[in-house]
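See below for the structure under consideration.
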Amino acid sequence: MRLTDELNKQREQFLASAPQEAIELIGTATQQLRDSGIEQSSLQVGEKAPPIILKDTNNSTVELYDALQAGPVILKFFRGDW
């Protein structure tokens, strides 16, 4: 299954089961991000990412290019107001 298909499936499952308040909150946050213009300054498909060094969920340092040696990488950022 392609990543896009899997993400669409997960989105549909979320929309079918999440409380309306959560759906509205995420919708508002998504629109705020779009309105900020962040999409125009983000990497586009096919562009090379800069060297990135981040901490993983275990607080270990991970370098993007090292991780790419093992295969495809998905960077997931958690955004919230908590």
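To be explicit about the labels: the chains of the structure tokens are called A, B, and onward in the order shown, and within each one the residues are counted from 1, while ligands get numbers from 1 in the order they are shown.
DSSP secondary structure from the backbone places Ile53, Leu54, Lys55, Thr61, Val62 and Glu63 of chain A of range 2-77 of chain A in strand (DSSP E).
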Taking N, CA and C atoms for each residue, export the selection above as a PDB file, in the first residue's frame.
```pdb
ATOM      1  N   ILE A  53      19.750  16.948  12.523  1.00  0.00           N
ATOM      2  CA  ILE A  53      20.072  16.160  13.709  1.00  0.00           C
ATOM      3  C   ILE A  53      18.974  16.437  14.734  1.00  0.00           C
ATOM      4  N   LEU A  54      18.276  15.385  15.147  1.00  0.00           N
ATOM      5  CA  LEU A  54      17.161  15.512  16.080  1.00  0.00           C
ATOM      6  C   LEU A  54      17.273  14.478  17.186  1.00  0.00           C
ATOM      7  N   LYS A  55      16.442  14.632  18.201  1.00  0.00           N
ATOM      8  CA  LYS A  55      16.319  13.633  19.255  1.00  0.00           C
ATOM      9  C   LYS A  55      15.099  12.784  18.953  1.00  0.00           C
ATOM     10  N   THR A  61      20.204  10.903  19.908  1.00  0.00           N
ATOM     11  CA  THR A  61      20.462  11.734  18.742  1.00  0.00           C
ATOM     12  C   THR A  61      20.383  10.895  17.472  1.00  0.00           C
ATOM     13  N   VAL A  62      19.673  11.411  16.494  1.00  0.00           N
ATOM     14  CA  VAL A  62      19.516  10.734  15.206  1.00  0.00           C
ATOM     15  C   VAL A  62      19.865  11.729  14.104  1.00  0.00           C
ATOM     16  N   GLU A  63      20.757  11.328  13.203  1.00  0.00           N
ATOM     17  CA  GLU A  63      21.101  12.165  12.053  1.00  0.00           C
ATOM     18  C   GLU A  63      20.350  11.643  10.835  1.00  0.00           C
TER      19      GLU A  63
END
```
Practice task
as an MDAnalysis selection string, list the residues of range 1-54 of chain A assigned to alpha helix (DSSP H) by DSSP on the backbone atoms of this structure.
Solution key: chainID A and resid 3:17 20:36 38:41
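If you look at CA of Ile52 in chain A and CA of Tyr65 in chain A, they are 7.6 Å away from each other.
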Practice task
Could you tell me how far CA of Leu15 in chain A lies from CA of Gly27 in chain A, in Å and to one decimal?
Solution key: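 According to the coordinates, CA of Leu15 in chain A and CA of Gly27 in chain A are separated by 10.8 Å.
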